[in-house]
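Structure file run-v4.csv (CSV, N, CA and C atoms) is printed below.
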chain,number,residue,atom,x,y,z
P,1,MET,N,-9.9,15.9,-17.0
P,1,MET,CA,-11.1,15.1,-16.8
P,1,MET,C,-12.1,15.8,-16.0
P,2,LYS,N,-13.3,15.8,-16.5
P,2,LYS,CA,-14.5,16.4,-15.8
P,2,LYS,C,-15.3,15.3,-15.2
P,3,TYR,N,-15.7,15.6,-14.0
P,3,TYR,CA,-16.5,14.6,-13.2
P,3,TYR,C,-17.9,15.1,-13.1
P,4,ASN,N,-18.9,14.2,-13.0
P,4,ASN,CA,-20.3,14.6,-12.8
P,4,ASN,C,-20.5,14.6,-11.2
P,5,PHE,N,-20.4,15.8,-10.6
P,5,PHE,CA,-20.5,15.9,-9.2
P,5,PHE,C,-21.8,15.4,-8.6
P,6,SER,N,-22.9,15.7,-9.4
P,6,SER,CA,-24.2,15.2,-8.9
P,6,SER,C,-24.3,13.7,-8.8
P,7,ARG,N,-23.7,13.0,-9.8
P,7,ARG,CA,-23.7,11.6,-9.8
P,7,ARG,C,-22.8,11.0,-8.7
P,8,ILE,N,-21.7,11.7,-8.4
P,8,ILE,CA,-20.8,11.3,-7.4
P,8,ILE,C,-21.5,11.4,-6.0
P,9,MET,N,-22.2,12.5,-5.8
P,9,MET,CA,-22.9,12.7,-4.5
P,9,MET,C,-24.1,11.7,-4.4
P,10,THR,N,-24.8,11.5,-5.5
P,10,THR,CA,-25.9,10.5,-5.5
P,10,THR,C,-25.4,9.1,-5.1
P,11,ARG,N,-24.3,8.7,-5.7
P,11,ARG,CA,-23.7,7.4,-5.5
P,11,ARG,C,-23.2,7.3,-4.0
P,12,ALA,N,-22.7,8.4,-3.5
P,12,ALA,CA,-22.2,8.4,-2.1
P,12,ALA,C,-23.4,8.2,-1.1
P,13,TRP,N,-24.5,9.0,-1.3
P,13,TRP,CA,-25.6,8.8,-0.5
P,13,TRP,C,-26.2,7.4,-0.6
P,14,LYS,N,-26.3,6.9,-1.8
P,14,LYS,CA,-26.8,5.5,-2.0
P,14,LYS,C,-25.9,4.5,-1.2
P,15,ASN,N,-24.6,4.6,-1.3
P,15,ASN,CA,-23.7,3.7,-0.6
P,15,ASN,C,-23.8,3.9,0.9
P,16,PHE,N,-23.9,5.1,1.3
P,16,PHE,CA,-24.1,5.4,2.8
P,16,PHE,C,-25.3,4.7,3.3
P,17,ARG,N,-26.4,4.9,2.6
P,17,ARG,CA,-27.7,4.3,3.1
P,17,ARG,C,-27.6,2.8,3.1
P,18,LYS,N,-27.0,2.3,2.0
P,18,LYS,CA,-26.9,0.8,1.9
P,18,LYS,C,-26.1,0.2,2.9
P,19,ALA,N,-25.0,0.9,3.4
P,19,ALA,CA,-24.1,0.4,4.4
P,19,ALA,C,-24.8,0.3,5.8
P,20,ASP,N,-25.9,1.0,6.0
P,20,ASP,CA,-26.6,0.9,7.2
P,20,ASP,C,-25.8,1.1,8.5
P,21,GLY,N,-25.0,2.2,8.5
P,21,GLY,CA,-24.2,2.5,9.7
P,21,GLY,C,-22.9,1.9,9.7
P,22,GLN,N,-22.5,1.1,8.8
P,22,GLN,CA,-21.2,0.4,8.8
P,22,GLN,C,-20.1,1.3,8.4
P,23,ILE,N,-20.4,2.4,7.6
P,23,ILE,CA,-19.3,3.3,7.2
P,23,ILE,C,-19.9,4.7,7.4
P,24,THR,N,-19.0,5.7,7.5
P,24,THR,CA,-19.4,7.1,7.7
P,24,THR,C,-19.7,7.6,6.3
P,25,PHE,N,-20.4,8.8,6.3
P,25,PHE,CA,-20.6,9.4,5.0
P,25,PHE,C,-19.4,9.8,4.3
P,26,GLY,N,-18.4,10.2,5.1
P,26,GLY,CA,-17.1,10.6,4.5
P,26,GLY,C,-16.4,9.4,3.7
P,27,GLU,N,-16.5,8.2,4.3
P,27,GLU,CA,-16.0,7.0,3.7
P,27,GLU,C,-16.8,6.7,2.4
P,28,ALA,N,-18.2,6.9,2.5
P,28,ALA,CA,-19.0,6.7,1.3
P,28,ALA,C,-18.7,7.6,0.2
P,29,LEU,N,-18.4,8.9,0.5
P,29,LEU,CA,-18.0,9.9,-0.5
P,29,LEU,C,-16.7,9.5,-1.1
P,30,HIS,N,-15.7,9.1,-0.2
P,30,HIS,CA,-14.4,8.7,-0.7
P,30,HIS,C,-14.5,7.5,-1.7
P,31,ARG,N,-15.3,6.6,-1.4
P,31,ARG,CA,-15.5,5.4,-2.3
P,31,ARG,C,-16.2,5.8,-3.6
P,32,SER,N,-17.1,6.8,-3.5
P,32,SER,CA,-17.8,7.3,-4.7
P,32,SER,C,-16.8,8.0,-5.6
P,33,TRP,N,-15.8,8.7,-5.0
P,33,TRP,CA,-14.8,9.4,-5.8
P,33,TRP,C,-13.9,8.3,-6.5
P,34,LEU,N,-13.6,7.3,-5.7
P,34,LEU,CA,-12.7,6.2,-6.3
P,34,LEU,C,-13.4,5.5,-7.5
P,35,SER,N,-14.7,5.3,-7.3
P,35,SER,CA,-15.5,4.7,-8.4
P,35,SER,C,-15.5,5.6,-9.7
P,36,ALA,N,-15.6,6.9,-9.4
P,36,ALA,CA,-15.6,7.9,-10.6
P,36,ALA,C,-14.3,7.9,-11.3
P,37,LYS,N,-13.2,7.9,-10.5
P,37,LYS,CA,-11.9,7.9,-11.1
P,37,LYS,C,-11.6,6.5,-11.8
P,38,ALA,N,-12.1,5.4,-11.3
P,38,ALA,CA,-11.9,4.1,-11.8
P,38,ALA,C,-12.6,3.9,-13.2
P,39,GLU,N,-13.7,4.7,-13.4
P,39,GLU,CA,-14.5,4.5,-14.6
P,39,GLU,C,-13.6,4.6,-15.9
P,40,THR,N,-12.7,5.6,-16.0
P,40,THR,CA,-11.9,5.8,-17.2
P,40,THR,C,-10.9,4.7,-17.3
P,41,VAL,N,-10.3,4.2,-16.2
P,41,VAL,CA,-9.4,3.1,-16.3
P,41,VAL,C,-10.1,1.8,-16.7
P,42,ASN,N,-11.3,1.6,-16.1
P,42,ASN,CA,-12.1,0.4,-16.5
P,42,ASN,C,-12.4,0.4,-18.0
P,43,GLU,N,-12.8,1.6,-18.5
P,43,GLU,CA,-13.2,1.7,-19.9
P,43,GLU,C,-12.0,1.3,-20.8
P,44,GLN,N,-10.8,1.8,-20.4
P,44,GLN,CA,-9.6,1.5,-21.2
P,44,GLN,C,-9.3,0.0,-21.1
P,45,ARG,N,-9.5,-0.6,-19.9
P,45,ARG,CA,-9.2,-2.0,-19.8
P,45,ARG,C,-10.2,-2.9,-20.6
P,46,VAL,N,-11.4,-2.5,-20.6
P,46,VAL,CA,-12.4,-3.2,-21.4
P,46,VAL,C,-12.1,-3.1,-22.9
P,47,GLU,N,-11.7,-1.9,-23.4
P,47,GLU,CA,-11.4,-1.8,-24.8
P,47,GLU,C,-10.1,-2.6,-25.2
P,48,ALA,N,-9.2,-2.6,-24.3
P,48,ALA,CA,-7.9,-3.3,-24.6
P,48,ALA,C,-8.2,-4.8,-24.6
P,49,ALA,N,-9.0,-5.3,-23.7
P,49,ALA,CA,-9.4,-6.8,-23.7
P,49,ALA,C,-10.2,-7.1,-24.9
P,50,LYS,N,-11.1,-6.2,-25.3
P,50,LYS,CA,-12.0,-6.5,-26.5
P,50,LYS,C,-11.1,-6.5,-27.7
P,51,GLU,N,-10.2,-5.6,-27.8
P,51,GLU,CA,-9.3,-5.6,-29.0
P,51,GLU,C,-8.4,-6.8,-29.0
P,52,ALA,N,-7.9,-7.2,-27.9
P,52,ALA,CA,-7.0,-8.4,-27.8
P,52,ALA,C,-7.8,-9.7,-28.2
P,53,ALA,N,-9.1,-9.7,-27.9
P,53,ALA,CA,-9.9,-10.9,-28.2
P,53,ALA,C,-10.4,-10.7,-29.7
P,54,GLN,N,-10.1,-9.6,-30.3
P,54,GLN,CA,-10.6,-9.4,-31.7
P,54,GLN,C,-12.1,-9.4,-31.9
P,55,VAL,N,-12.8,-8.8,-30.9
P,55,VAL,CA,-14.2,-8.7,-30.9
P,55,VAL,C,-14.6,-7.4,-31.5
P,56,THR,N,-15.5,-7.4,-32.5
P,56,THR,CA,-15.9,-6.1,-33.1
P,56,THR,C,-17.4,-5.8,-32.8
P,57,GLU,N,-18.2,-6.7,-32.3
P,57,GLU,CA,-19.6,-6.5,-32.1
P,57,GLU,C,-19.8,-5.7,-30.7
P,58,GLU,N,-21.0,-5.2,-30.5
P,58,GLU,CA,-21.3,-4.5,-29.3
P,58,GLU,C,-21.3,-5.5,-28.1
P,59,THR,N,-20.7,-5.2,-27.0
P,59,THR,CA,-20.6,-6.1,-25.9
P,59,THR,C,-21.0,-5.4,-24.6
P,60,ASN,N,-21.4,-6.2,-23.6
P,60,ASN,CA,-21.8,-5.8,-22.3
P,60,ASN,C,-21.7,-7.0,-21.4
P,61,THR,N,-21.8,-6.7,-20.1
P,61,THR,CA,-21.8,-7.7,-19.1
P,61,THR,C,-23.2,-8.3,-19.0
P,62,TYR,N,-23.3,-9.4,-18.3
P,62,TYR,CA,-24.6,-10.1,-18.1
P,62,TYR,C,-25.6,-9.1,-17.5
P,63,SER,N,-25.2,-8.5,-16.4
P,63,SER,CA,-26.1,-7.5,-15.8
P,63,SER,C,-26.4,-6.3,-16.6
P,64,GLY,N,-25.4,-5.9,-17.4
P,64,GLY,CA,-25.5,-4.7,-18.3
P,64,GLY,C,-26.6,-5.0,-19.4
P,65,TRP,N,-26.5,-6.2,-20.0
P,65,TRP,CA,-27.5,-6.6,-21.0
P,65,TRP,C,-28.9,-6.6,-20.3
P,66,LYS,N,-29.0,-7.2,-19.1
P,66,LYS,CA,-30.3,-7.3,-18.4
P,66,LYS,C,-30.9,-5.9,-18.2
P,67,GLN,N,-30.1,-4.9,-17.8
P,67,GLN,CA,-30.6,-3.5,-17.6
P,67,GLN,C,-31.1,-3.0,-18.9
P,68,LEU,N,-30.6,-3.4,-20.0
P,68,LEU,CA,-31.0,-2.9,-21.3
P,68,LEU,C,-32.2,-3.7,-21.9
P,69,GLY,N,-32.7,-4.7,-21.1
P,69,GLY,CA,-33.9,-5.5,-21.6
P,69,GLY,C,-33.5,-6.7,-22.3
P,70,TYR,N,-32.3,-7.2,-22.2
P,70,TYR,CA,-31.9,-8.4,-22.9
P,70,TYR,C,-31.5,-9.5,-21.9
P,71,GLU,N,-31.5,-10.7,-22.3
P,71,GLU,CA,-30.9,-11.8,-21.5
P,71,GLU,C,-29.9,-12.6,-22.3
P,72,VAL,N,-28.9,-13.1,-21.7
P,72,VAL,CA,-27.9,-13.8,-22.4
P,72,VAL,C,-28.5,-15.2,-22.6
P,73,ILE,N,-28.3,-15.7,-23.8
P,73,ILE,CA,-28.8,-17.0,-24.2
P,73,ILE,C,-28.1,-18.1,-23.4
P,74,HIS,N,-28.9,-19.0,-22.8
P,74,HIS,CA,-28.4,-20.1,-22.0
P,74,HIS,C,-27.3,-20.8,-22.7
P,75,GLY,N,-26.2,-21.0,-22.0
P,75,GLY,CA,-25.1,-21.8,-22.6
P,75,GLY,C,-24.0,-21.0,-23.3
P,76,SER,N,-24.3,-19.7,-23.5
P,76,SER,CA,-23.3,-18.8,-24.2
P,76,SER,C,-22.1,-18.6,-23.3
P,77,MET,N,-20.9,-18.7,-24.0
P,77,MET,CA,-19.6,-18.4,-23.3
P,77,MET,C,-19.3,-17.0,-23.5
P,78,ALA,N,-18.7,-16.4,-22.5
P,78,ALA,CA,-18.2,-15.0,-22.6
P,78,ALA,C,-17.2,-14.9,-23.7
P,79,LEU,N,-17.3,-13.7,-24.4
P,79,LEU,CA,-16.3,-13.5,-25.5
P,79,LEU,C,-14.9,-13.1,-25.0
P,80,PHE,N,-14.9,-12.4,-23.9
P,80,PHE,CA,-13.7,-12.0,-23.2
P,80,PHE,C,-13.9,-11.6,-21.8
P,81,GLN,N,-12.9,-11.5,-21.0
P,81,GLN,CA,-13.0,-11.0,-19.6
P,81,GLN,C,-12.0,-9.9,-19.4
P,82,ALA,N,-12.3,-9.0,-18.5
P,82,ALA,CA,-11.4,-7.9,-18.1
P,82,ALA,C,-11.3,-7.8,-16.6
P,83,VAL,N,-10.2,-7.5,-16.1
P,83,VAL,CA,-10.0,-7.2,-14.7
P,83,VAL,C,-10.3,-5.7,-14.4
P,84,LEU,N,-11.3,-5.4,-13.7
P,84,LEU,CA,-11.8,-4.0,-13.4
P,84,LEU,C,-11.6,-3.6,-12.0
P,85,ILE,N,-11.5,-2.3,-11.7
P,85,ILE,CA,-11.4,-1.8,-10.4
P,85,ILE,C,-12.7,-1.7,-9.8
P,86,TRP,N,-12.9,-2.1,-8.5
P,86,TRP,CA,-14.1,-2.1,-7.8
P,86,TRP,C,-14.0,-0.9,-6.8
P,87,GLY,N,-14.2,0.3,-7.2
P,87,GLY,CA,-14.0,1.5,-6.4
P,87,GLY,C,-14.9,1.6,-5.2
P,88,SER,N,-16.1,1.1,-5.3
P,88,SER,CA,-17.0,1.2,-4.2
P,88,SER,C,-16.7,0.4,-3.0
P,89,LYS,N,-15.7,-0.5,-3.1
P,89,LYS,CA,-15.3,-1.3,-2.0
P,89,LYS,C,-14.3,-0.5,-1.1
P,90,GLY,N,-13.6,0.5,-1.8
P,90,GLY,CA,-12.7,1.4,-1.0
P,90,GLY,C,-11.4,0.8,-0.7
P,91,ASP,N,-11.0,-0.3,-1.2
P,91,ASP,CA,-9.7,-0.9,-0.8
P,91,ASP,C,-8.9,-1.4,-2.0
P,92,ASN,N,-9.1,-0.7,-3.2
P,92,ASN,CA,-8.5,-1.1,-4.4
P,92,ASN,C,-8.8,-2.5,-4.9
P,93,ALA,N,-9.9,-3.0,-4.5
P,93,ALA,CA,-10.3,-4.3,-4.9
P,93,ALA,C,-10.6,-4.4,-6.4
P,94,THR,N,-10.3,-5.5,-7.0
P,94,THR,CA,-10.6,-5.7,-8.4
P,94,THR,C,-11.5,-6.9,-8.6
P,95,TYR,N,-12.1,-7.0,-9.7
P,95,TYR,CA,-12.9,-8.2,-10.0
P,95,TYR,C,-12.8,-8.5,-11.5
P,96,LYS,N,-13.1,-9.7,-11.9
P,96,LYS,CA,-13.0,-10.1,-13.3
P,96,LYS,C,-14.5,-10.1,-13.9
P,97,ALA,N,-14.7,-9.2,-14.9
P,97,ALA,CA,-16.0,-9.1,-15.5
P,97,ALA,C,-16.0,-9.9,-16.8
P,98,SER,N,-17.0,-10.6,-17.1
P,98,SER,CA,-17.2,-11.3,-18.4
P,98,SER,C,-18.1,-10.5,-19.3
P,99,PHE,N,-17.8,-10.5,-20.6
P,99,PHE,CA,-18.5,-9.7,-21.5
P,99,PHE,C,-19.1,-10.6,-22.6
P,100,PHE,N,-20.3,-10.3,-23.0
P,100,PHE,CA,-21.1,-11.1,-24.0
P,100,PHE,C,-21.4,-10.2,-25.1
P,101,GLY,N,-21.5,-10.7,-26.3
P,101,GLY,CA,-21.8,-9.9,-27.5
P,101,GLY,C,-23.3,-9.9,-27.8
P,102,LEU,N,-23.6,-8.9,-28.7
P,102,LEU,CA,-25.0,-8.7,-29.1
P,102,LEU,C,-25.6,-10.0,-29.7
P,103,SER,N,-24.8,-10.8,-30.4
P,103,SER,CA,-25.2,-12.0,-31.0
P,103,SER,C,-25.5,-13.1,-30.0
P,104,GLN,N,-25.2,-12.9,-28.8
P,104,GLN,CA,-25.4,-13.9,-27.7
P,104,GLN,C,-26.6,-13.6,-26.8
P,105,VAL,N,-27.4,-12.5,-27.2
P,105,VAL,CA,-28.5,-12.1,-26.3
P,105,VAL,C,-29.8,-12.1,-27.1
P,106,GLN,N,-30.9,-12.2,-26.3
P,106,GLN,CA,-32.2,-12.0,-26.9
P,106,GLN,C,-33.0,-11.1,-26.0
P,107,GLU,N,-34.0,-10.5,-26.6
P,107,GLU,CA,-34.9,-9.7,-25.8
P,107,GLU,C,-35.6,-10.5,-24.7
P,108,ILE,N,-35.8,-9.9,-23.6
P,108,ILE,CA,-36.5,-10.6,-22.5
P,108,ILE,C,-38.0,-10.6,-22.9
P,109,ALA,N,-38.5,-11.8,-22.9
P,109,ALA,CA,-39.9,-12.0,-23.2
P,109,ALA,C,-40.8,-11.5,-22.2
P,110,VAL,N,-41.8,-10.7,-22.6
P,110,VAL,CA,-42.8,-10.1,-21.6
P,110,VAL,C,-44.0,-11.0,-21.6
P,111,ALA,N,-44.4,-11.5,-20.4
P,111,ALA,CA,-45.5,-12.4,-20.3
P,111,ALA,C,-46.8,-11.7,-20.2
Now, as a test, write the supplied structure out as structure tokens.
Amino acid sequence: MKYNFSRIMTRAWKNFRKADGQITFGEALHRSWLSAKAETVNEQRVEAAKEAAQVTEETNTYSGWKQLGYEVIHGSMALFQAVLIWGSKGDNATYKASFFGLSQVQEIAVA
């Protein structure tokens, strides 16, 4: 497995600055490495959950769609959920992410 060291360091500095003195840079770097290692596990978990739900369309989380310029249509139910590792917390925390399909989103209207 190859890791993007630049991305890991950038994430570490971002987490260190965001923590505002609550953690050391070493801890921020450790958490950044945990996040990088968790990415492959999370991708596998998402694919397994997607396959189990028999979903074939492109999917993303609510915030993922928003970053791509889409919004989830009000009232849409998630197609599936997956338990993912939250590496940036540094304590093997997990969270349940909900995924929505391309058919459940619309482009964000520009005023």
Residues within 8 Å of Trp86 (chain P), please, as a JSON list (two decimals) with N, CA and C atoms, in the coordinates of the input. Count only C-alpha atoms; anything in the same chain fewer than 5 positions from it doesn't count.
[["chain", "number", "residue", "atom", "x", "y", "z"],
["P", 35, "SER", "N", -14.70, 5.30, -7.30],
["P", 35, "SER", "CA", -15.50, 4.70, -8.40],
["P", 35, "SER", "C", -15.50, 5.60, -9.70],
["P", 38, "ALA", "N", -12.10, 5.40, -11.30],
["P", 38, "ALA", "CA", -11.90, 4.10, -11.80],
["P", 38, "ALA", "C", -12.60, 3.90, -13.20],
["P", 92, "ASN", "N", -9.10, -0.70, -3.20],
["P", 92, "ASN", "CA", -8.50, -1.10, -4.40],
["P", 92, "ASN", "C", -8.80, -2.50, -4.90],
["P", 93, "ALA", "N", -9.90, -3.00, -4.50],
["P", 93, "ALA", "CA", -10.30, -4.30, -4.90],
["P", 93, "ALA", "C", -10.60, -4.40, -6.40],
["P", 94, "THR", "N", -10.30, -5.50, -7.00],
["P", 94, "THR", "CA", -10.60, -5.70, -8.40],
["P", 94, "THR", "C", -11.50, -6.90, -8.60],
["P", 95, "TYR", "N", -12.10, -7.00, -9.70],
["P", 95, "TYR", "CA", -12.90, -8.20, -10.00],
["P", 95, "TYR", "C", -12.80, -8.50, -11.50]]
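Considering only C-alpha atoms, the residue among P:Phe25, P:Phe16, P:Trp33, P:Tyr70 positioned nearest to Asn4 (chain P) is P:Trp33.
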> So how far away is atom C of Lys14 (chain P) from atom N of Ala97 (chain P), in Å?
Replying inline: 22.4 Å
What are the nearest atom pairs, with distances in Å to one decimal, for all residues of region 66-109 of chain P that come at most 9 Å from region 39-54 of chain P, using only C-alpha atoms, set out by chain and rising residue number as a Markdown table?
| residue | atom | partner | partner_atom | distance |
| --- | --- | --- | --- | --- |
| P:Leu79 | CA | P:Ala53 | CA | 7.4 |
| P:Phe80 | CA | P:Ala53 | CA | 6.4 |
| P:Gln81 | CA | P:Ala49 | CA | 6.9 |
| P:Ala82 | CA | P:Val46 | CA | 5.8 |
| P:Val83 | CA | P:Arg45 | CA | 7.3 |
| P:Leu84 | CA | P:Asn42 | CA | 5.4 |
| P:Ile85 | CA | P:Asn42 | CA | 6.5 |
| P:Gly87 | CA | P:Glu39 | CA | 8.7 |
| P:Phe99 | CA | P:Lys50 | CA | 8.8 |
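Closest to Lys66 (chain P) among P:Met9, P:Ile108, P:Ala19, P:Ala36 is P:Ile108, based on only C-alpha atoms.
Taking CA of Asp20 (chain P) and atom N of Arg7 (chain P) as the two end points, the separation is 21.1 Å.
Of the residues under consideration (P:Met1, P:Ile73, P:Ala78, P:Ile8), P:Ala78 shows the shortest atom-to-atom contact distance to Phe100 (chain P) when counting only N, CA and C atoms.
For the choices P:Ser76, P:Arg31, P:Ala109, P:Thr59, the atom-to-atom distance to Asp91 (chain P) is smallest for P:Arg31 when using all atoms listed in the file.
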> Where does DSSP see strand (DSSP E or B) in region 27-82 of chain P, if you list the residues as an MDAnalysis selection string?
Replying inline: chainID P and resid 59:61 70:72 80:82
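Using only N, CA and C atoms, the shortest contact distance between Tyr62 (chain P) and any of P:Gln22, P:Ala12, P:Ser98, P:Ser6 is found at P:Ser98.
Coordinates place atom N of Glu57 (chain P) at a distance of 8.0 Å from atom N of Ser103 (chain P).
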>> Let's see if you can do this: from backbone DSSP, list all helix (DSSP H, G or I) residues in chain P, as a ChimeraX atom specification.
In response: /P:5-19,25-52,62-67,87-89,102-104
> Hey, which of P:Lys2, P:Arg11, P:Lys96, P:His74 ends up closest to Ala28 (chain P)? Count all atoms listed in the file.
Replying inline: P:Arg11
